[in-house]
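Novice: Quick one, entry06.txt (compact mmCIF, C-alpha atoms):
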```txt
# COMPACT_ATOMS: atom_id res chain seq x y z
CA MET A 1 37.60 14.17 -49.31
CA ALA A 2 38.86 11.65 -51.84
CA TYR A 3 39.02 9.14 -49.00
CA LEU A 4 35.32 9.70 -48.20
CA ARG A 5 34.41 9.39 -51.87
CA LEU A 6 36.22 6.06 -51.97
CA ILE A 7 34.29 4.75 -48.95
CA GLY A 8 30.99 5.90 -50.53
CA LEU A 9 31.89 4.13 -53.75
CA GLY A 10 32.70 0.97 -51.82
CA ILE A 11 29.34 1.01 -50.00
CA GLY A 12 27.50 1.66 -53.28
CA PHE A 13 29.32 -1.23 -54.91
CA CYS A 14 28.34 -3.58 -52.09
CA LEU A 15 24.68 -2.52 -52.21
CA VAL A 16 24.40 -3.01 -55.97
CA LEU A 17 26.43 -6.13 -56.51
CA ILE A 18 26.01 -8.25 -53.37
CA PRO A 19 22.65 -10.02 -53.56
CA GLY A 20 20.35 -9.82 -50.52
CA ASP A 21 18.53 -12.68 -48.86
CA PRO A 22 16.77 -14.56 -51.64
CA LEU A 23 13.66 -14.80 -49.44
CA THR A 24 12.93 -11.15 -48.86
CA GLY A 25 10.23 -9.07 -50.52
CA GLN A 26 8.42 -10.83 -53.34
CA ALA A 27 10.53 -13.96 -52.99
CA TYR A 28 9.56 -14.25 -49.32
CA GLU A 29 5.89 -14.15 -50.25
CA ASP A 30 6.53 -16.90 -52.77
CA SER A 31 7.84 -19.34 -50.15
CA GLN A 32 5.65 -22.37 -49.62
CA CYS A 33 5.65 -21.79 -45.84
CA PHE A 34 4.21 -18.31 -46.23
CA LYS A 35 1.69 -19.30 -48.91
CA CYS A 36 0.26 -22.12 -46.82
CA HIS A 37 0.38 -20.52 -43.38
CA THR A 38 -1.47 -17.42 -44.61
CA SER A 39 -4.25 -19.51 -46.17
CA ALA A 40 -6.90 -20.42 -43.63
CA LYS A 41 -8.51 -22.73 -46.17
CA GLN A 42 -5.37 -24.79 -46.67
CA LEU A 43 -4.62 -24.88 -42.97
CA ILE A 44 -8.10 -26.13 -42.12
CA GLN A 45 -7.72 -28.94 -44.61
CA ILE A 46 -4.27 -29.93 -43.39
CA THR A 47 -5.05 -29.71 -39.67
CA ARG A 48 -8.07 -31.95 -40.24
CA GLU A 49 -5.81 -34.50 -41.93
CA ILE A 50 -3.40 -34.31 -39.02
CA ALA A 51 -6.15 -34.64 -36.42
CA GLU A 52 -7.46 -37.80 -38.08
CA ALA A 53 -4.05 -39.42 -38.21
CA ARG A 54 -2.70 -38.37 -34.82
CA PRO A 55 -3.74 -39.99 -31.53
CA ALA A 56 -4.67 -37.85 -28.50
CA LEU A 57 -1.77 -35.91 -27.04
CA LYS A 58 -3.17 -35.34 -23.56
CA SER A 59 -4.31 -37.84 -21.01
CA ALA A 60 -7.97 -37.80 -20.09
CA GLU A 61 -7.00 -38.94 -16.59
CA THR A 62 -5.75 -35.52 -15.47
CA GLU A 63 -7.89 -34.22 -12.62
CA GLY A 64 -7.87 -31.12 -10.47
CA GLU A 65 -6.06 -27.82 -10.56
CA GLY A 66 -2.51 -27.70 -11.83
CA MET B 1 -9.04 -20.12 -21.41
CA GLU B 2 -10.68 -21.23 -24.62
CA GLN B 3 -8.47 -23.17 -27.02
CA LEU B 4 -7.84 -21.88 -30.52
CA ALA B 5 -8.98 -24.05 -33.43
CA PRO B 6 -6.05 -26.12 -34.81
CA HIS B 7 -5.74 -23.99 -37.94
CA GLU B 8 -5.93 -20.76 -35.94
CA LYS B 9 -2.96 -21.87 -33.90
CA ILE B 10 -0.68 -21.80 -36.92
CA PHE B 11 -2.27 -19.14 -39.09
CA VAL B 12 0.23 -16.41 -40.02
CA ASP B 13 -1.04 -12.88 -40.57
CA SER B 14 0.53 -11.55 -43.79
CA GLU B 15 0.87 -8.23 -41.97
CA ILE B 16 4.09 -9.71 -40.59
CA LEU B 17 5.78 -8.55 -43.80
CA GLU B 18 5.27 -4.99 -42.61
CA ASP B 19 7.17 -5.63 -39.38
CA GLU B 20 10.34 -3.69 -40.02
CA ASN B 21 12.31 -5.71 -37.51
CA HIS B 22 11.13 -9.25 -38.12
CA GLY B 23 9.32 -9.06 -41.45
CA GLU B 24 12.31 -9.83 -43.57
CA ILE B 25 13.42 -12.89 -41.69
CA ALA B 26 12.30 -15.88 -43.72
CA CYS B 27 10.39 -18.63 -41.91
CA HIS B 28 13.06 -21.28 -42.50
CA GLU B 29 15.81 -19.10 -41.06
CA CYS B 30 14.38 -19.69 -37.59
CA HIS B 31 12.28 -22.82 -38.01
CA GLY B 32 14.21 -24.83 -40.61
CA GLY B 33 12.28 -26.96 -43.10
CA ASN B 34 12.21 -26.55 -46.86
CA PRO B 35 10.51 -23.36 -48.11
CA ASP B 36 10.54 -24.57 -51.74
CA ASP B 37 8.76 -27.86 -51.15
CA PRO B 38 5.03 -27.69 -51.98
CA ASP B 39 4.32 -30.93 -50.06
CA TRP B 40 3.67 -29.88 -46.47
CA LYS B 41 4.72 -33.24 -45.06
CA THR B 42 8.20 -33.26 -46.53
CA ALA B 43 8.53 -29.49 -46.29
CA HIS B 44 8.25 -29.81 -42.50
CA GLU B 45 11.06 -32.32 -42.13
CA GLY B 46 13.48 -30.91 -39.59
CA VAL B 47 11.15 -28.06 -38.61
CA VAL B 48 11.69 -26.69 -35.11
CA LYS B 49 8.40 -25.54 -33.63
CA ASP B 50 9.92 -23.23 -31.03
CA PRO B 51 13.41 -22.15 -32.15
CA THR B 52 13.78 -20.09 -28.98
CA TYR B 53 13.85 -23.01 -26.55
CA PRO B 54 16.08 -24.10 -24.94
CA ASP B 55 18.56 -21.84 -26.73
CA ALA B 56 17.36 -18.63 -28.34
CA THR B 57 20.79 -17.58 -29.59
CA THR B 58 20.21 -18.32 -33.28
CA ALA B 59 16.64 -17.05 -33.46
CA CYS B 60 16.84 -13.96 -31.22
CA GLY B 61 20.41 -13.57 -30.02
CA ASP B 62 21.81 -11.75 -33.04
CA CYS B 63 19.71 -8.68 -32.32
CA HIS B 64 18.59 -9.12 -28.70
CA ASP B 65 21.98 -10.24 -27.46
CA GLU B 66 21.79 -8.98 -23.89
CA ILE B 67 18.30 -10.32 -23.29
CA ASN B 68 19.28 -13.60 -24.86
CA GLU B 69 22.28 -13.93 -22.61
CA ASN B 70 20.26 -13.29 -19.45
CA TYR B 71 17.32 -15.36 -20.61
CA GLN B 72 19.32 -18.57 -20.24
CA ASN B 73 19.14 -18.04 -16.48
CA SER B 74 15.59 -16.73 -16.29
CA LEU B 75 13.42 -18.74 -13.91
CA HIS B 76 10.88 -19.21 -16.69
CA VAL B 77 13.51 -21.16 -18.58
CA THR B 78 15.55 -22.88 -15.89
CA LEU B 79 12.67 -23.81 -13.56
CA LYS B 80 15.36 -23.81 -10.93
CA PRO B 81 12.96 -23.64 -7.96
CA TYR B 82 11.52 -27.03 -8.98
CA ARG B 83 14.97 -28.51 -9.24
CA VAL B 84 16.13 -27.05 -5.93
CA THR B 85 13.02 -27.95 -3.96
CA ILE B 86 12.58 -31.46 -5.30
CA GLY B 87 16.34 -31.91 -5.19
CA LYS B 88 16.28 -31.32 -1.42
CA ARG B 89 13.44 -33.77 -0.98
CA ALA B 90 14.68 -36.47 -3.36
CA ASN B 91 16.21 -39.74 -2.29
CA THR B 92 20.01 -39.59 -2.37
CA ASN B 93 20.33 -43.04 -3.97
CA PRO B 94 21.40 -42.22 -7.56
CA VAL B 95 19.25 -44.97 -9.13
CA ILE B 96 16.11 -43.72 -7.35
CA ARG B 97 17.05 -40.11 -8.01
CA ASP B 98 17.28 -40.82 -11.75
CA LYS B 99 13.73 -42.11 -11.69
CA VAL B 100 12.56 -39.02 -9.85
CA GLU B 101 14.29 -36.94 -12.50
CA ARG B 102 12.46 -38.91 -15.22
CA ALA B 103 9.16 -38.20 -13.50
CA MET B 104 10.07 -34.52 -13.31
CA ASP B 105 10.86 -34.56 -17.05
CA ASN B 106 7.44 -36.01 -17.81
CA HIS B 107 5.38 -33.89 -15.46
CA CYS B 108 7.16 -30.77 -14.29
CA TYR B 109 9.68 -29.49 -16.78
CA TYR B 110 7.24 -29.02 -19.66
CA CYS B 111 5.90 -26.05 -17.76
CA HIS B 112 8.66 -23.66 -18.88
CA SER B 113 8.41 -20.66 -21.12
CA SER B 114 10.64 -19.15 -23.80
CA CYS B 115 10.96 -15.98 -25.91
CA GLY B 116 8.56 -17.47 -28.45
CA GLN B 117 6.11 -18.77 -25.89
CA CYS B 118 5.56 -15.28 -24.50
CA HIS B 119 6.00 -12.98 -27.47
CA ILE B 120 4.67 -15.06 -30.38
CA SER B 121 2.50 -17.89 -29.14
CA ARG B 122 0.69 -19.07 -26.09
CA PRO B 123 2.89 -21.31 -23.94
CA ASN B 124 3.13 -24.98 -24.98
CA SER B 125 1.92 -26.07 -21.56
CA VAL B 126 -1.49 -24.62 -22.44
CA ASP B 127 -1.37 -26.11 -25.96
CA GLY B 128 0.17 -23.14 -27.73
CA GLY B 129 -1.23 -21.29 -30.74
CA PHE B 130 -0.08 -17.99 -32.19
CA LEU B 131 -1.13 -14.93 -30.19
CA ASP B 132 -1.91 -12.83 -33.20
CA GLY B 133 -0.99 -14.56 -36.43
CA HIS B 134 2.70 -14.78 -35.46
CA LEU B 135 2.91 -10.99 -35.16
CA PHE B 136 5.54 -10.26 -32.51
CA GLN B 137 4.02 -8.96 -29.26
CA GLY B 138 6.30 -6.57 -27.41
CA LYS B 139 4.18 -6.96 -24.28
CA PRO B 140 2.72 -10.44 -23.92
CA PRO B 141 -1.05 -10.32 -23.37
CA VAL B 142 -1.97 -11.10 -19.75
CA GLN B 143 -4.69 -13.66 -20.21
CA GLU B 144 -3.22 -15.59 -23.11
CA VAL B 145 0.29 -15.73 -21.71
CA CYS B 146 0.79 -14.81 -18.04
CA THR B 147 -2.36 -16.21 -16.49
CA ALA B 148 -2.62 -18.98 -19.06
CA CYS B 149 0.01 -20.67 -16.89
CA HIS B 150 -0.43 -18.83 -13.60
CA GLY B 151 -4.14 -19.50 -13.68
CA SER B 152 -5.51 -21.47 -10.79
CA ARG B 153 -3.99 -19.18 -8.19
CA ILE B 154 -2.81 -15.82 -9.56
CA GLN B 155 -5.48 -15.30 -12.20
CA LYS B 156 -8.44 -16.15 -10.02
CA GLU B 157 -7.08 -14.13 -7.13
CA TYR B 158 -6.13 -11.09 -9.16
CA PHE B 159 -9.31 -10.90 -11.17
CA GLY B 160 -11.54 -11.66 -8.20
CA GLU B 161 -12.93 -14.85 -9.73
CA HIS B 162 -13.32 -16.63 -6.40
CA GLU B 163 -16.78 -16.38 -4.95
CA GLY B 164 -17.00 -13.94 -2.08
CA LEU B 165 -13.55 -12.46 -2.64
CA ARG B 166 -12.76 -9.15 -4.25
CA PRO B 167 -10.26 -8.55 -7.05
CA ASP B 168 -6.85 -7.23 -6.24
CA VAL B 169 -6.95 -3.47 -5.73
CA HIS B 170 -4.27 -3.10 -8.40
CA ARG B 171 -6.52 -4.89 -10.85
CA GLU B 172 -9.23 -2.35 -10.09
CA LYS B 173 -6.75 0.29 -11.17
CA TYR B 174 -6.31 -1.62 -14.44
CA MET B 175 -2.73 -2.56 -13.73
CA LYS B 176 -1.44 -5.39 -15.88
CA CYS B 177 1.18 -7.91 -14.74
CA ASP B 178 4.05 -5.99 -16.33
CA LYS B 179 3.38 -2.95 -14.18
CA CYS B 180 5.06 -4.81 -11.32
CA HIS B 181 6.76 -7.70 -13.13
CA THR B 182 8.85 -5.79 -15.62
CA GLY B 183 10.43 -7.12 -18.79
CA GLU B 184 13.81 -6.94 -17.05
CA GLU B 185 12.57 -9.22 -14.30
CA MET B 186 11.00 -11.65 -16.75
CA HIS B 187 14.08 -11.81 -18.96
CA GLY B 188 16.35 -12.36 -15.97
CA ASP B 189 19.46 -10.46 -14.98
CA GLY B 190 21.90 -13.22 -15.79
CA LYS B 191 22.07 -14.55 -12.25
CA GLU B 192 20.79 -17.99 -11.39
CA TYR B 193 18.30 -17.77 -8.55
CA ALA B 194 17.05 -20.66 -6.45
CA ASN B 195 13.60 -19.11 -6.09
CA ARG B 196 11.66 -16.11 -7.31
CA TYR B 197 11.77 -14.33 -3.97
CA GLY B 198 15.50 -13.92 -4.34
CA VAL B 199 15.33 -12.20 -7.73
CA GLU B 200 17.00 -8.84 -7.24
CA ASN B 201 14.92 -6.92 -9.76
CA GLY B 202 11.67 -8.55 -8.69
CA PRO B 203 8.85 -6.27 -7.51
CA LYS B 204 8.64 -4.85 -4.01
CA CYS B 205 5.58 -3.04 -2.68
CA VAL B 206 7.72 -0.11 -1.54
CA ASP B 207 8.94 0.44 -5.11
CA CYS B 208 5.65 2.28 -5.62
CA HIS B 209 4.44 2.82 -2.05
CA LYS B 210 7.56 4.76 -1.18
CA GLY B 211 6.12 7.12 1.41
CA ILE B 212 4.33 4.74 3.75
CA TYR B 213 6.87 5.23 6.52
CA ASP B 214 6.93 9.02 6.20
CA ARG B 215 5.77 10.98 9.23
CA ALA B 216 2.81 12.49 7.40
CA ALA B 217 1.72 9.24 5.76
CA LYS B 218 -1.60 7.62 6.52
CA ASN B 219 -1.31 4.75 9.03
CA VAL B 220 2.35 5.58 9.53
CA ILE B 221 2.41 4.27 13.10
CA THR B 222 1.01 0.92 12.09
CA HIS B 223 3.41 0.64 9.18
CA ARG B 224 6.42 1.64 11.26
CA ILE B 225 5.55 -0.73 14.11
CA HIS B 226 5.30 -3.72 11.79
CA LYS B 227 8.15 -2.84 9.42
CA GLY B 228 10.59 -5.72 9.11
CA ASP B 229 8.48 -8.02 11.29
CA VAL B 230 5.39 -8.57 9.20
CA SER B 231 5.16 -8.83 5.41
CA CYS B 232 2.76 -6.50 3.57
CA HIS B 233 0.64 -9.51 2.58
CA VAL B 234 -0.08 -10.45 6.18
CA CYS B 235 -2.17 -7.31 6.59
CA HIS B 236 -3.34 -6.78 3.02
CA SER B 237 -4.16 -10.21 1.52
CA GLN B 238 -7.53 -11.82 1.37
CA PRO B 239 -7.91 -15.60 1.81
CA TYR B 240 -6.29 -17.53 -1.04
CA ASN B 241 -6.30 -20.88 -2.72
CA ASN B 242 -4.32 -23.79 -1.26
CA CYS B 243 -3.74 -27.14 -2.93
CA SER B 244 -2.97 -30.54 -1.52
CA SER B 245 -1.92 -33.96 -2.60
CA CYS B 246 -0.74 -34.31 -6.20
CA HIS B 247 -0.09 -37.68 -7.81
CA VAL B 248 1.45 -38.12 -11.21
CA GLY B 249 1.55 -41.09 -13.58
CA LYS B 250 1.07 -42.28 -17.12
CA ASP B 251 -2.10 -43.68 -18.59
CA ARG B 252 -2.51 -46.78 -20.77
CA ASN B 253 -1.51 -44.75 -23.84
CA ASP B 254 1.70 -43.66 -22.11
CA LEU B 255 0.41 -40.11 -21.72
CA PRO B 256 1.37 -38.29 -18.53
CA PHE B 257 -1.35 -37.13 -16.14
CA TYR B 258 -1.68 -35.58 -12.69
CA LYS B 259 -4.39 -35.71 -10.08
CA THR B 260 -4.77 -33.16 -7.35
CA LYS B 261 -7.31 -33.24 -4.53
CA ALA B 262 -9.79 -30.42 -4.10
CA SER B 263 -8.26 -27.10 -3.19
CA TRP B 264 -9.38 -24.95 -0.26
CA PHE B 265 -9.36 -21.32 0.81
CA ASP B 266 -7.46 -20.21 3.79
CA PHE B 267 -5.35 -17.44 5.16
CA LYS B 268 -2.43 -18.50 7.31
CA ILE B 269 0.35 -16.50 8.84
CA GLY B 270 3.49 -18.47 9.57
CA LEU B 271 7.18 -18.02 10.25
CA ASN B 272 9.14 -16.91 7.22
CA PRO B 273 10.83 -19.93 5.60
CA LEU B 274 12.92 -17.75 3.29
CA LYS B 275 14.28 -15.04 5.54
CA SER B 276 16.74 -12.85 3.72
CA GLU B 277 18.07 -9.32 3.64
CA THR B 278 15.27 -8.27 1.33
CA ARG B 279 12.62 -10.36 3.10
CA PRO B 280 13.56 -10.10 6.76
CA GLU B 281 10.03 -10.39 8.15
CA LYS B 282 9.32 -12.86 10.89
CA PHE B 283 5.67 -13.33 9.86
CA VAL B 284 4.54 -14.00 6.28
CA THR B 285 1.58 -15.54 4.53
CA LEU B 286 1.95 -19.24 3.75
CA ARG B 287 0.25 -21.32 1.08
CA HIS B 288 0.05 -25.12 1.01
CA ASN B 289 1.65 -26.69 -2.05
CA PRO B 290 0.19 -29.67 -3.92
CA VAL B 291 3.08 -31.90 -2.92
CA ASN B 292 3.11 -35.10 -0.88
CA ARG B 293 5.51 -37.86 -0.03
CA GLU B 294 4.03 -40.31 -2.55
CA ILE B 295 3.82 -37.94 -5.52
CA PHE B 296 6.25 -39.97 -7.68
CA ASP B 297 5.26 -43.45 -6.51
CA PHE B 298 4.20 -44.37 -10.03
CA TYR B 299 7.87 -44.14 -11.04
CA VAL B 300 9.66 -45.19 -7.89
CA LYS B 301 8.82 -45.90 -4.25
CA ASP B 302 10.40 -43.66 -1.66
CA GLY B 303 11.48 -41.15 -4.32
CA LEU B 304 11.10 -38.30 -1.87
CA SER B 305 12.74 -39.85 1.16
CA GLY B 306 13.89 -36.36 2.14
CA PHE B 307 10.34 -35.06 2.11
CA ASP B 308 10.77 -33.48 5.53
CA ASN B 309 13.66 -31.31 4.35
CA VAL B 310 11.35 -28.63 2.88
CA PRO B 311 8.08 -27.23 4.27
CA THR B 312 4.90 -28.05 2.37
CA TRP B 313 3.57 -24.61 3.24
CA LYS B 314 5.56 -22.09 1.27
CA LEU B 315 6.05 -18.36 1.39
CA ALA B 316 3.19 -16.85 -0.58
CA THR B 317 2.47 -13.44 -2.00
CA PRO B 318 -1.23 -13.74 -2.88
CA HIS B 319 -2.33 -11.46 -5.69
CA ASN B 320 -5.54 -10.32 -4.02
CA ILE B 321 -4.37 -7.25 -2.14
CA ARG B 322 -6.87 -4.89 -0.49
CA ARG B 323 -6.14 -1.80 1.53
CA LYS B 324 -8.70 -2.86 4.14
CA THR B 325 -8.99 -6.50 5.12
CA PRO B 326 -10.66 -8.29 8.02
CA GLN B 327 -7.31 -8.89 9.73
CA ASN B 328 -6.22 -5.24 9.58
CA SER B 329 -9.51 -3.67 10.63
CA SER B 330 -8.16 -3.25 14.17
CA CYS B 331 -5.11 -4.34 16.15
CA ASN B 332 -7.00 -7.13 17.84
CA SER B 333 -8.41 -8.47 14.60
CA CYS B 334 -4.98 -10.03 14.29
CA HIS B 335 -3.34 -9.81 17.70
CA GLY B 336 -4.46 -12.74 19.79
CA ASN B 337 -6.46 -14.16 16.88
CA GLU B 338 -5.12 -17.72 16.77
CA SER B 339 -7.21 -18.71 13.77
CA LEU B 340 -5.04 -16.59 11.47
CA PHE B 341 -1.82 -18.34 12.39
CA LEU B 342 -0.48 -21.68 11.18
CA LEU B 343 -0.54 -23.75 14.34
CA GLU B 344 0.47 -27.33 14.89
CA LYS B 345 -3.16 -28.43 14.77
CA ASP B 346 -3.50 -26.96 11.25
CA VAL B 347 -0.81 -29.25 9.86
CA GLU B 348 -1.38 -32.92 9.13
CA ASP B 349 0.63 -35.33 11.31
CA LYS B 350 2.58 -36.64 8.33
CA GLU B 351 3.69 -33.11 7.43
CA ARG B 352 4.56 -31.81 10.91
CA GLU B 353 8.26 -32.53 10.69
CA ALA B 354 8.54 -30.82 7.29
CA ASN B 355 6.84 -27.71 8.62
CA LYS B 356 8.29 -27.60 12.12
CA ASP B 357 10.27 -24.40 11.46
CA ILE B 358 7.36 -22.39 10.12
CA ILE B 359 4.55 -23.43 12.45
CA VAL B 360 3.87 -20.58 14.87
CA PRO B 361 4.32 -21.61 18.51
CA ALA B 362 1.55 -20.27 20.77
CA LYS B 363 4.02 -18.05 22.63
CA LEU B 364 4.86 -16.17 19.40
CA ILE B 365 1.29 -15.18 18.62
CA PRO B 366 1.14 -11.45 19.32
CA ARG B 367 -0.90 -10.65 22.40
CA LYS B 368 -4.11 -8.64 22.34
CA GLN B 369 -3.54 -4.90 22.50
CA LYS B 370 -5.20 -2.45 24.85
CA TRP B 371 -3.95 0.48 22.84
CA GLN B 372 -4.90 1.21 19.26
CA PRO B 373 -3.27 3.86 17.05
CA LYS B 374 -5.61 6.49 15.71
```
As structure tokens - that is how I would like this structure written.
Specialist:
Amino acid sequence: MAYLRLIGLGIGFCLVLIPGDPLTGQAYEDSQCFKCHTSAKQLIQITREIAEARPALKSAETEGEG
Amino acid sequence: MEQLAPHEKIFVDSEILEDENHGEIACHECHGGNPDDPDWKTAHEGVVKDPTYPDATTACGDCHDEINENYQNSLHVTLKPYRVTIGKRANTNPVIRDKVERAMDNHCYYCHSSCGQCHISRPNSVDGGFLDGHLFQGKPPVQEVCTACHGSRIQKEYFGEHEGLRPDVHREKYMKCDKCHTGEEMHGDGKEYANRYGVENGPKCVDCHKGIYDRAAKNVITHRIHKGDVSCHVCHSQPYNNCSSCHVGKDRNDLPFYKTKASWFDFKIGLNPLKSETRPEKFVTLRHNPVNREIFDFYVKDGLSGFDNVPTWKLATPHNIRRKTPQNSSCNSCHGNESLFLLEKDVEDKEREANKDIIVPAKLIPRKQKWQPK
């Protein structure tokens, strides 16, 4: 019984004192990736910028079924 | 398939936080980049768009270890049939072979898939874009994933999009791809196969149609007579799409392109080029591939000097199955009906040698029958 209590105490200690991933929960929502990629407005603006700067990625010479 | 708008392709649905399995994995853990940098340009330095290709170990392997292990040998990842087939045709000179390999890199190998390109986004070869705001899809949606790539043949056949042809009977029963092509098949079983017809856990008609050879089954005589000699598709396929001549190259902006000639509909029974224990039939349906001797001429002349080593008509399993077809309406709809068989006259002179083992000699065409089972 005392042995089980000791294991329980050990698990409790780990849960309280060892910090979790800093980017879970609220912190995750605060990441810049998440903020931007969940904002359609920001993405529209950025993808327009990219489209203006980037040349075509596919050849217009492709013809027929692939 | 209609393209998504650029911003839609990368829009993340905040509902992902509620995904108990993936919702607590931070973006940068799989994709890299800097999650604290408010400048999107510098924040994306080092970002990996698809962290599941070519190696999904870091992104998926920790939890999906068995799938990840097998996935490395899945045909969707290895594209082994391309390598094997072109390898047999390619010139044996190492300098020329290298150039063929470069052409393959530019034009063929981008057509792979990955964990991410089935379960999170559309495949890259059809310009990608999240399927549903980066929410993980246990079963990939048919039209955005499966037929996005397997479009010009499988999609049009299965959905009955070709004029005058009916959809596959399984489609009419609302069966999706995964009903036959299970997750286990898609993920691979860890073995490296040279072609999809060898895949051990691939679908077989008799997996579902178990009782067709039973004494009380409908058409049992017909099924028993043809068992092992004729593939199911020979009797149950409708005409299907065939492609010819493909040429690849790069345009003035160094972008790769391909050009294929017009496709045509046909139905041809030939000798089985891939006879095996699981596919022992003598007669199978054959489809012409869009390959030709000069396909890689842009990169190197005579790249496929072994062109004749592999038939240009390949074993086909058209996805337009019907219970009743013109060729199975009576015995003599097929027996003695030369037009259904791939004869020498159906094959271009320059491809005769390549197809010599699958062309049906006149003497092998089954003779007309006087007797017809009831």
Novice: Which residue gives the smallest distance to chain A among B:Pro38, B:Pro167, B:Pro280, B:Pro140, with all atoms listed in the file counted?
Specialist: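 Answer, going by the shortest atom-to-atom distance: B:Pro38.
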Novice: Residues of chain B were defined as contacting chain A if any atom lay at most 7 Å from it, counting only C-alpha atoms; please report them as a PDB file with C-alpha atoms, keeping the file's coordinate frame.
Specialist:
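Final output, part12.pdb:
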```
ATOM      1  CA  PRO B   6      -6.050 -26.120 -34.810  1.00  0.00           C
ATOM      2  CA  HIS B   7      -5.740 -23.990 -37.940  1.00  0.00           C
ATOM      3  CA  ILE B  10      -0.680 -21.800 -36.920  1.00  0.00           C
ATOM      4  CA  PHE B  11      -2.270 -19.140 -39.090  1.00  0.00           C
ATOM      5  CA  VAL B  12       0.230 -16.410 -40.020  1.00  0.00           C
ATOM      6  CA  ASP B  13      -1.040 -12.880 -40.570  1.00  0.00           C
ATOM      7  CA  SER B  14       0.530 -11.550 -43.790  1.00  0.00           C
ATOM      8  CA  GLU B  24      12.310  -9.830 -43.570  1.00  0.00           C
ATOM      9  CA  ALA B  26      12.300 -15.880 -43.720  1.00  0.00           C
ATOM     10  CA  CYS B  27      10.390 -18.630 -41.910  1.00  0.00           C
ATOM     11  CA  PRO B  35      10.510 -23.360 -48.110  1.00  0.00           C
ATOM     12  CA  ASP B  36      10.540 -24.570 -51.740  1.00  0.00           C
ATOM     13  CA  ASP B  37       8.760 -27.860 -51.150  1.00  0.00           C
ATOM     14  CA  PRO B  38       5.030 -27.690 -51.980  1.00  0.00           C
ATOM     15  CA  SER B 152      -5.510 -21.470 -10.790  1.00  0.00           C
ATOM     16  CA  ASP B 251      -2.100 -43.680 -18.590  1.00  0.00           C
ATOM     17  CA  LEU B 255       0.410 -40.110 -21.720  1.00  0.00           C
ATOM     18  CA  PRO B 256       1.370 -38.290 -18.530  1.00  0.00           C
ATOM     19  CA  PHE B 257      -1.350 -37.130 -16.140  1.00  0.00           C
ATOM     20  CA  TYR B 258      -1.680 -35.580 -12.690  1.00  0.00           C
ATOM     21  CA  LYS B 259      -4.390 -35.710 -10.080  1.00  0.00           C
ATOM     22  CA  THR B 260      -4.770 -33.160  -7.350  1.00  0.00           C
ATOM     23  CA  LYS B 261      -7.310 -33.240  -4.530  1.00  0.00           C
ATOM     24  CA  ALA B 262      -9.790 -30.420  -4.100  1.00  0.00           C
TER      25      ALA B 262
END
```
Novice: If you count all atoms listed in the file, which residues fall within 10 Å of Phe136 of chain B, apart from same-chain ones fewer than 4 positions away, as a PyMOL selection string?
Specialist: chain B and resi 16+19+21-23+116+118-121+130-132+140
Novice: Need to verify the contact set: Arg171 of chain B, 12 Å, only C-alpha atoms, exclusion of same-chain residues closer than 4 positions in sequence. Can you return it as a PyMOL selection string?
Specialist: chain B and resi 142+154-161+166-167+175-180+319-322
Novice: Tell me, in Å to one decimal, how far atom CA of Ile67 of chain B is from atom CA of His187 of chain B.
Specialist: 6.2 Å
Novice: For a test of reading the model, state the distance in Å between atom CA of Asp189 of chain B and atom CA of Asn68 of chain B, rounded to one decimal.
Specialist: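 Distance between the two atoms: 10.4 Å.
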Novice: Between atom CA of Ser231 of chain B and atom CA of Ala362 of chain B, what is the distance in Å, rounded to a tenth?
Specialist: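 Atom CA of Ala362 of chain B lies 19.5 Å from atom CA of Ser231 of chain B.
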Novice: Would you mind listing what lies within 12 Å of Pro373 of chain B as a list in words, with all atoms listed in the file counted and same-chain residues fewer than 5 positions away left out?
Specialist: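 The residues satisfying every condition are Lys218, Asn219, Val220, Ile221, Thr222, His223, Arg224, Ile225, Ser329, Ser330, Cys331 and Asn332 of chain B.
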Novice: Could you pull out every residue with an atom within 8 Å of (10.1, -22.7, 2.4), file coordinates, counting all atoms listed in the file, and send them as a list in words?
Specialist: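 Result, sorted by chain then residue number: Asn272, Pro273, Leu274, Val310, Pro311, Thr312, Trp313, Lys314 and Leu315 of chain B.
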Novice: Give me the residues within 9 Å of Gly190 of chain B as a short mmCIF file (atom, residue, chain, number, x, y, z; two decimals) with C-alpha atoms, keeping the file's coordinate frame, counting all atoms listed in the file and dropping any in the same chain fewer than 3 places off.
Specialist:
```
data_model
loop_
_atom_site.label_atom_id
_atom_site.label_comp_id
_atom_site.auth_asym_id
_atom_site.auth_seq_id
_atom_site.Cartn_x
_atom_site.Cartn_y
_atom_site.Cartn_z
CA ILE B 67 18.30 -10.32 -23.29
CA GLU B 69 22.28 -13.93 -22.61
CA ASN B 70 20.26 -13.29 -19.45
CA TYR B 71 17.32 -15.36 -20.61
CA GLN B 72 19.32 -18.57 -20.24
CA ASN B 73 19.14 -18.04 -16.48
CA SER B 74 15.59 -16.73 -16.29
CA HIS B 187 14.08 -11.81 -18.96
#
```
Novice: Closest to Gly133 of chain B among B:Cys60, B:Ile212, B:Leu17, B:Ala103, using all atoms listed in the file?
Specialist: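 Residue with the minimum atom-to-atom distance to Gly133 of chain B: B:Leu17.
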